[in-house]
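> See my_file31.cif below, with mmCIF, C-alpha atoms and all ligand atoms.
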data_target
#
loop_
_atom_site.label_atom_id
_atom_site.label_comp_id
_atom_site.auth_asym_id
_atom_site.auth_seq_id
_atom_site.Cartn_x
_atom_site.Cartn_y
_atom_site.Cartn_z
CA MET H 1 1.52 20.76 -3.80
CA LEU H 2 -2.03 19.55 -2.89
CA PRO H 3 -4.56 19.28 -5.75
CA PHE H 4 -7.17 20.57 -3.29
CA SER H 5 -7.38 20.82 0.47
CA VAL H 6 -9.73 19.24 2.99
CA ASP H 7 -9.90 20.10 6.68
CA LEU H 8 -8.56 17.25 8.81
CA SER H 9 -7.55 19.35 11.80
CA GLY H 10 -7.94 17.59 15.14
CA GLN H 11 -7.88 14.16 13.46
CA THR H 12 -5.31 11.47 14.18
CA ALA H 13 -4.09 9.72 11.03
CA ILE H 14 -1.96 6.57 11.03
CA VAL H 15 -0.06 5.56 7.91
CA THR H 16 1.64 2.15 7.87
CA GLY H 17 4.54 1.94 5.45
CA GLY H 18 4.59 5.70 5.91
CA SER H 19 8.29 6.00 5.15
CA GLY H 20 7.89 4.26 1.75
CA VAL H 21 7.70 6.21 -1.49
CA LEU H 22 3.89 6.28 -1.73
CA GLY H 23 3.42 6.31 2.07
CA GLN H 24 5.49 9.49 2.43
CA ALA H 25 3.30 11.28 -0.08
CA PHE H 26 0.21 10.18 1.88
CA CYS H 27 1.71 11.37 5.19
CA GLN H 28 2.69 14.76 3.80
CA ALA H 29 -0.72 15.36 2.23
CA LEU H 30 -2.65 14.40 5.38
CA ALA H 31 -0.41 16.63 7.50
CA GLU H 32 -0.85 19.53 5.07
CA CYS H 33 -4.60 19.16 5.57
CA GLY H 34 -4.13 19.51 9.34
CA ALA H 35 -4.16 15.90 10.56
CA SER H 36 -1.72 14.75 13.23
CA VAL H 37 0.14 12.02 11.37
CA ALA H 38 1.68 8.93 12.96
CA VAL H 39 4.16 7.43 10.52
CA ILE H 40 4.60 3.70 11.06
CA GLY H 41 7.51 1.75 9.61
CA ARG H 42 10.42 -0.41 10.67
CA ASN H 43 13.38 1.82 9.96
CA ARG H 44 13.80 4.53 12.60
CA GLU H 45 16.12 6.65 10.45
CA LYS H 46 13.65 6.76 7.55
CA LEU H 47 10.78 7.54 9.93
CA ASP H 48 12.73 10.46 11.37
CA GLN H 49 13.33 11.85 7.88
CA VAL H 50 9.62 11.80 7.01
CA VAL H 51 8.65 13.34 10.35
CA GLN H 52 11.24 16.08 9.94
CA SER H 53 10.06 16.92 6.42
CA ILE H 54 6.47 17.23 7.69
CA LYS H 55 7.50 19.40 10.63
CA GLU H 56 9.55 21.67 8.36
CA LEU H 57 6.32 22.42 6.49
CA GLY H 58 4.54 23.24 9.75
CA GLY H 59 2.73 19.92 10.13
CA THR H 60 2.33 17.62 13.13
CA ALA H 61 3.88 14.16 12.95
CA MET H 62 5.51 11.43 15.00
CA GLY H 63 7.40 8.36 13.84
CA VAL H 64 6.57 5.06 15.52
CA ALA H 65 8.63 1.98 14.75
CA ALA H 66 6.46 -1.13 14.41
CA ASN H 67 6.24 -4.20 12.22
CA VAL H 68 2.73 -4.57 10.77
CA LEU H 69 2.97 -8.33 11.29
CA LYS H 70 3.63 -8.06 15.04
CA PRO H 71 0.44 -7.37 17.01
CA GLU H 72 2.35 -6.55 20.22
CA GLU H 73 4.36 -3.84 18.41
CA LEU H 74 1.17 -2.46 16.85
CA ARG H 75 -0.53 -2.36 20.26
CA ALA H 76 2.45 -0.51 21.74
CA ALA H 77 2.31 1.93 18.78
CA ARG H 78 -1.41 2.48 19.34
CA ASP H 79 -0.87 3.23 23.03
CA THR H 80 1.89 5.74 22.25
CA ILE H 81 -0.17 7.49 19.56
CA GLU H 82 -3.41 7.56 21.54
CA ARG H 83 -1.65 8.90 24.63
CA GLU H 84 -0.46 11.91 22.60
CA TRP H 85 -3.33 12.57 20.22
CA GLY H 86 -6.34 10.39 21.08
CA PRO H 87 -7.91 7.62 19.00
CA CYS H 88 -7.11 6.92 15.38
CA ARG H 89 -9.59 8.53 12.97
CA ILE H 90 -7.86 7.76 9.67
CA LEU H 91 -5.93 4.56 8.95
CA ILE H 92 -3.99 4.15 5.73
CA ASN H 93 -2.71 0.59 5.32
CA GLY H 94 0.26 1.41 3.09
CA ALA H 95 2.82 -1.22 4.14
CA GLY H 96 3.23 -3.87 1.47
CA GLY H 97 5.20 -4.94 -1.53
CA ASN H 98 6.72 -7.85 -3.39
CA ARG H 99 10.00 -9.69 -2.72
CA PRO H 100 12.40 -10.96 -5.41
CA ASN H 101 12.47 -14.48 -3.93
CA ALA H 102 8.69 -14.88 -4.36
CA THR H 103 9.04 -14.15 -8.08
CA THR H 104 9.47 -16.67 -10.90
CA THR H 105 12.33 -15.94 -13.27
CA LEU H 106 10.35 -16.61 -16.44
CA GLU H 107 6.93 -15.34 -17.46
CA PHE H 108 5.86 -18.60 -19.06
CA HIS H 109 6.62 -22.21 -18.19
CA HIS H 110 9.44 -23.50 -20.40
CA PRO H 111 9.86 -27.27 -20.92
CA GLY H 112 13.62 -27.14 -20.28
CA GLU H 113 13.50 -24.90 -17.21
CA ALA H 114 13.94 -27.69 -14.63
CA GLU H 115 17.48 -28.30 -15.92
CA VAL H 116 18.59 -24.73 -15.29
CA ARG H 117 19.54 -24.62 -11.62
CA GLU H 118 19.53 -20.87 -11.09
CA LEU H 119 15.94 -20.37 -12.36
CA VAL H 120 13.13 -19.81 -9.89
CA THR H 121 10.29 -21.77 -11.45
CA PHE H 122 6.73 -22.24 -10.28
CA PHE H 123 7.75 -25.69 -9.02
CA ASN H 124 10.60 -24.50 -6.81
CA LEU H 125 9.05 -21.24 -5.55
CA ASP H 126 9.96 -21.13 -1.88
CA PRO H 127 6.76 -21.53 0.20
CA GLU H 128 8.21 -19.38 2.99
CA SER H 129 8.84 -16.50 0.61
CA VAL H 130 5.35 -16.89 -0.84
CA ALA H 131 3.92 -16.82 2.69
CA SER H 132 5.99 -13.78 3.66
CA VAL H 133 4.73 -11.73 0.69
CA PHE H 134 1.18 -12.92 1.22
CA ASN H 135 1.34 -12.12 4.91
CA LEU H 136 2.94 -8.71 4.48
CA ASN H 137 0.23 -7.52 2.09
CA PHE H 138 -2.85 -9.27 3.49
CA LEU H 139 -2.18 -9.85 7.20
CA GLY H 140 -0.19 -6.59 7.21
CA THR H 141 -3.49 -4.88 6.32
CA LEU H 142 -5.73 -6.97 8.57
CA LEU H 143 -3.67 -6.75 11.79
CA PRO H 144 -3.31 -2.94 11.93
CA THR H 145 -7.02 -2.69 11.13
CA GLN H 146 -7.84 -4.94 14.09
CA ILE H 147 -5.65 -2.95 16.42
CA PHE H 148 -6.34 0.63 15.31
CA GLY H 149 -9.93 -0.12 14.25
CA GLU H 150 -11.00 -0.97 17.81
CA SER H 151 -10.85 2.65 18.91
CA MET H 152 -12.67 3.73 15.74
CA VAL H 153 -15.53 1.36 16.51
CA ARG H 154 -15.66 2.61 20.09
CA LYS H 155 -15.94 6.22 18.86
CA GLY H 156 -18.29 5.29 16.01
CA GLN H 157 -16.22 7.13 13.40
CA GLY H 158 -13.29 6.38 11.17
CA VAL H 159 -11.94 6.00 7.68
CA ILE H 160 -9.78 3.12 6.49
CA ILE H 161 -7.97 3.12 3.17
CA ASN H 162 -6.20 0.00 1.95
CA ILE H 163 -3.69 -0.09 -0.88
CA SER H 164 -4.49 -2.67 -3.53
CA SER H 165 -2.92 -2.97 -6.98
CA MET H 166 -3.57 -3.67 -10.66
CA ASN H 167 -2.58 -7.25 -9.78
CA ALA H 168 -5.85 -7.60 -7.91
CA TYR H 169 -7.81 -7.31 -11.18
CA THR H 170 -5.56 -9.43 -13.44
CA PRO H 171 -2.39 -10.99 -12.06
CA LEU H 172 0.93 -9.92 -13.55
CA THR H 173 3.25 -12.69 -14.65
CA LYS H 174 6.00 -13.86 -12.23
CA ILE H 175 4.43 -12.64 -8.96
CA PRO H 176 1.69 -15.03 -7.87
CA ALA H 177 2.00 -14.31 -4.14
CA TYR H 178 1.81 -10.53 -4.52
CA SER H 179 -1.04 -10.79 -7.02
CA GLY H 180 -3.04 -13.15 -4.81
CA ALA H 181 -2.41 -11.03 -1.74
CA LYS H 182 -3.58 -7.82 -3.44
CA ALA H 183 -6.70 -9.61 -4.72
CA ALA H 184 -7.28 -10.55 -1.08
CA VAL H 185 -6.79 -6.90 -0.04
CA SER H 186 -9.47 -5.74 -2.50
CA ASN H 187 -11.81 -8.52 -1.37
CA PHE H 188 -11.14 -7.70 2.30
CA THR H 189 -11.88 -4.02 1.61
CA GLN H 190 -15.37 -4.98 0.47
CA TRP H 191 -15.86 -7.41 3.32
CA LEU H 192 -14.79 -4.92 5.96
CA ALA H 193 -16.82 -2.09 4.42
CA VAL H 194 -19.95 -4.20 4.83
CA HIS H 195 -18.92 -5.39 8.30
CA PHE H 196 -18.38 -1.82 9.59
CA SER H 197 -21.16 -0.19 7.56
CA ARG H 198 -23.37 0.31 10.63
CA SER H 199 -20.51 1.33 12.92
CA GLY H 200 -19.63 4.71 11.38
CA ILE H 201 -16.53 3.47 9.61
CA ARG H 202 -15.94 3.67 5.88
CA VAL H 203 -13.47 1.34 4.19
CA ASN H 204 -12.15 1.87 0.67
CA ALA H 205 -9.03 1.06 -1.31
CA ILE H 206 -6.84 2.72 -3.90
CA ALA H 207 -5.40 0.49 -6.63
CA PRO H 208 -2.35 2.31 -7.97
CA GLY H 209 -1.15 1.51 -11.45
CA PHE H 210 2.62 1.57 -11.82
CA PHE H 211 4.81 3.87 -9.78
CA LEU H 212 8.54 3.38 -9.62
CA THR H 213 9.43 2.77 -5.95
CA GLU H 214 11.91 0.83 -3.79
CA GLN H 215 9.93 -2.41 -3.72
CA ASN H 216 9.54 -2.78 -7.51
CA ARG H 217 12.90 -1.29 -8.59
CA PRO H 218 14.57 -4.74 -8.97
CA LEU H 219 11.68 -5.88 -11.18
CA LEU H 220 11.70 -2.84 -13.46
CA LEU H 221 15.21 -1.43 -13.76
CA ARG H 222 18.45 -2.83 -15.16
CA ASP H 223 21.61 -2.48 -13.09
CA ASP H 224 22.45 0.73 -14.96
CA GLY H 225 19.07 2.25 -14.00
CA THR H 226 17.47 2.07 -17.45
CA TYR H 227 14.03 0.50 -17.96
CA ASN H 228 14.13 -3.25 -18.53
CA GLU H 229 11.85 -5.19 -20.86
CA ARG H 230 9.19 -5.56 -18.16
CA ALA H 231 9.11 -1.81 -17.48
CA ASN H 232 8.74 -1.12 -21.20
CA LYS H 233 5.96 -3.70 -21.41
CA ILE H 234 4.11 -1.96 -18.55
CA LEU H 235 4.46 1.38 -20.28
CA GLY H 236 3.15 -0.20 -23.50
CA GLN H 237 0.06 -1.38 -21.56
CA THR H 238 -0.44 1.99 -19.89
CA PRO H 239 -2.31 4.21 -22.37
CA MET H 240 -0.77 7.34 -20.81
CA ASN H 241 2.62 5.74 -21.57
CA ARG H 242 4.37 6.71 -18.35
CA PHE H 243 4.73 5.70 -14.69
CA GLY H 244 2.57 7.53 -12.16
CA ARG H 245 3.90 10.12 -9.71
CA PRO H 246 3.10 9.62 -6.01
CA ASP H 247 1.36 13.03 -5.85
CA GLU H 248 -1.13 11.76 -8.43
CA LEU H 249 -2.66 9.49 -5.75
CA ILE H 250 -3.36 12.38 -3.41
CA GLY H 251 -6.60 13.68 -4.93
CA THR H 252 -8.18 10.23 -4.55
CA LEU H 253 -6.80 9.85 -1.02
CA LEU H 254 -8.19 13.20 0.15
CA TRP H 255 -11.56 12.57 -1.48
CA LEU H 256 -11.82 9.20 0.29
CA VAL H 257 -10.74 10.46 3.73
CA ASP H 258 -13.01 13.51 3.76
CA GLU H 259 -16.39 12.77 5.30
CA LYS H 260 -18.05 15.67 3.48
CA ALA H 261 -16.72 14.60 0.09
CA SER H 262 -17.30 10.83 0.28
CA GLY H 263 -19.52 10.19 3.31
CA PHE H 264 -21.67 7.69 1.35
CA VAL H 265 -18.74 5.95 -0.35
CA THR H 266 -17.65 2.65 1.15
CA GLY H 267 -16.40 -0.68 -0.20
CA ILE H 268 -14.88 0.59 -3.45
CA VAL H 269 -11.44 0.13 -4.99
CA VAL H 270 -10.39 3.13 -7.07
CA PRO H 271 -7.85 2.54 -9.85
CA VAL H 272 -5.34 5.35 -10.35
CA ASP H 273 -3.49 3.87 -13.27
CA GLY H 274 -3.12 6.00 -16.40
CA GLY H 275 -5.72 3.78 -18.07
CA PHE H 276 -3.93 0.43 -17.47
CA SER H 277 -7.04 -1.39 -16.21
CA ALA H 278 -9.18 -0.07 -19.08
CA TYR H 279 -6.83 -1.12 -21.87
CA SER H 280 -7.01 -4.48 -23.65
CA GLY H 281 -3.68 -3.86 -25.34
CA VAL H 282 -5.31 -3.61 -28.79
P1 LIG V 301 7.96 1.13 -0.73
O1 LIG V 301 8.80 -0.07 -0.68
O2 LIG V 301 8.58 2.43 -1.03
O3 LIG V 301 7.10 1.27 0.61
C1 LIG V 301 6.63 0.17 1.36
C2 LIG V 301 6.83 0.50 2.81
O4 LIG V 301 6.32 -0.56 3.61
C3 LIG V 301 8.31 0.68 3.17
O5 LIG V 301 8.46 1.83 3.94
C4 LIG V 301 8.61 -0.56 4.01
O6 LIG V 301 9.61 -0.35 4.96
C5 LIG V 301 7.25 -0.78 4.66
N1 LIG V 301 7.14 -2.13 5.20
C6 LIG V 301 7.47 -3.29 4.56
N2 LIG V 301 7.29 -4.32 5.39
C7 LIG V 301 6.84 -3.81 6.57
C8 LIG V 301 6.48 -4.37 7.82
N3 LIG V 301 6.53 -5.69 8.02
N4 LIG V 301 6.08 -3.55 8.81
C9 LIG V 301 6.02 -2.21 8.62
N5 LIG V 301 6.34 -1.63 7.46
C10 LIG V 301 6.75 -2.41 6.45
O7 LIG V 301 6.83 0.78 -1.81
P2 LIG V 301 5.56 1.57 -2.31
O8 LIG V 301 5.48 1.29 -3.75
O9 LIG V 301 5.55 2.97 -1.82
O10 LIG V 301 4.42 0.72 -1.61
C11 LIG V 301 3.33 1.25 -0.89
C12 LIG V 301 2.11 0.38 -1.12
O11 LIG V 301 1.64 0.57 -2.46
C13 LIG V 301 2.38 -1.13 -0.98
O12 LIG V 301 1.26 -1.75 -0.39
C14 LIG V 301 2.49 -1.58 -2.43
O13 LIG V 301 2.20 -2.93 -2.55
C15 LIG V 301 1.45 -0.69 -3.06
N6 LIG V 301 1.53 -0.51 -4.51
C16 LIG V 301 2.62 0.03 -5.10
C17 LIG V 301 2.63 0.19 -6.47
C18 LIG V 301 3.79 0.78 -7.20
O14 LIG V 301 3.78 0.82 -8.43
N7 LIG V 301 4.80 1.27 -6.50
C19 LIG V 301 1.53 -0.21 -7.23
C20 LIG V 301 0.44 -0.76 -6.61
C21 LIG V 301 0.44 -0.91 -5.24
#
Please, can you express the file's structure as structure tokens?


Amino acid sequence: MLPFSVDLSGQTAIVTGGSGVLGQAFCQALAECGASVAVIGRNREKLDQVVQSIKELGGTAMGVAANVLKPEELRAARDTIEREWGPCRILINGAGGNRPNATTTLEFHHPGEAEVRELVTFFNLDPESVASVFNLNFLGTLLPTQIFGESMVRKGQGVIINISSMNAYTPLTKIPAYSGAKAAVSNFTQWLAVHFSRSGIRVNAIAPGFFLTEQNRPLLLRDDGTYNERANKILGQTPMNRFGRPDELIGTLLWLVDEKASGFVTGIVVPVDGGFSAYSGV
């Protein structure tokens, strides 16, 4: 299924959020290119499924349960992975997402909204939910980078790929925490690329357009599974007029991880979006 193949044999790759919809595609592609892939997530059953599917195709993988917001769990994961395969060479920071309770009900402020109890408005957005989305996406990228990046620096080689979003360029309505956090991820990608530029480590990000996955299902589908108004609006703003498929991120991922293909590329955020970020809507 790969668009092209690069040789990653002998390299240890770590994918956080590796049992998610996009994360799984990343794990499978890296394993197909010969990397030993450590799949990090919180749900053991889902991790086992991804590992099994990689092994069935002849790849090398292990599932390691860890929360990207818990440094002690990440350190334990690092020790387990390094004991088996040596230091991390490729880190994909894929864990992230939005939460319904950090989302306003309406797109635009409405003068009468305060009287409607069940609405989540800007004024009653729960600060803890906002913090949890912000932390998952931003700190959930920074902490694994601190912990897995240490061995990269020691070896003087490594590739880090963060996952940003269209929200980083222009925020979508309703999701201020997610949008702000992804803007921070893009900004951090540039900061870290500069910081590590003399240490042999390249840092880039992919900004996917819209892909239907677990974390955005409640925002995009009605209860009966059909596209809601927001999903149709997204499609209307996506010149290619469809959602992306996870495998359509793989060409960019492999280009960015391969030293021979992108050895002088660091600090960029690549949109993979069916034209969304190029389109003014007119
Ligand atoms: P997903 O929900 O399928 O995957 C997210 C994964 O992150 C899940 O496996 C989840 O268990 C894991 N995760 C969540 N919190 C975690 C934590 N604290 N510790 C460890 N793992 C945790 O969603 P996805 O769409 O595949 O998301 C992958 C990445 O792509 C996310 O960063 C998301 O923000 C980003 N993204 C997605 C889209 C899209 O359209 N789907 C667009 C732009 C960016």

> Could you list, as a PyMOL selection string, all the residues within 7 Å of ligand LIG 301 (chain V), counting all atoms listed in the file?

chain H and resi 16-23+40-43+66-69+94-98+136-137+140+163-166+207-216

> To one decimal in Å, tell me the separation between atom CA of Ile147 of chain H and atom CA of Ala76 of chain H.

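For atom CA of Ile147 of chain H relative to atom CA of Ala76 of chain H, the distance reads 10.0 Å.
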
> Just the number, please: distance in Å from atom CA of Gly156 of chain H to atom CA of Ile201 of chain H, one decimal.

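Between atom CA of Gly156 of chain H and atom CA of Ile201 of chain H the gap is 6.9 Å.
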
> Considering only C-alpha atoms, state which residue in the set H:Gly149, H:Tyr169, H:Glu118, H:Gly267 is at the smallest distance from Trp191 of chain H.

H:Gly267

> Can you tell me, as a PyMOL selection string, what residues are no more than 7 Å from Ala35 of chain H when counting all atoms listed in the file, ignoring any on the same chain fewer than 3 positions away?

chain H and resi 8-13+30-31

> Kindly indicate which residue among H:Leu221, H:Ile90, H:Ala181, H:Leu172 lies nearest to Ala131 of chain H, using only C-alpha atoms for the distances.

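For Ala131 of chain H, the nearest of the candidates is H:Ala181.
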
> Between H:Arg89, H:Lys46, H:Lys174, H:Lys70, which one has atoms that come closest to Ala102 of chain H, using all atoms listed in the file?

H:Lys174

> Which one is closest to Val269 of chain H: H:Leu192, H:Val282, H:Ile161, H:Ala231? Count all atoms listed in the file.

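Of the candidates, the smallest distance to Val269 of chain H is held by H:Ile161.
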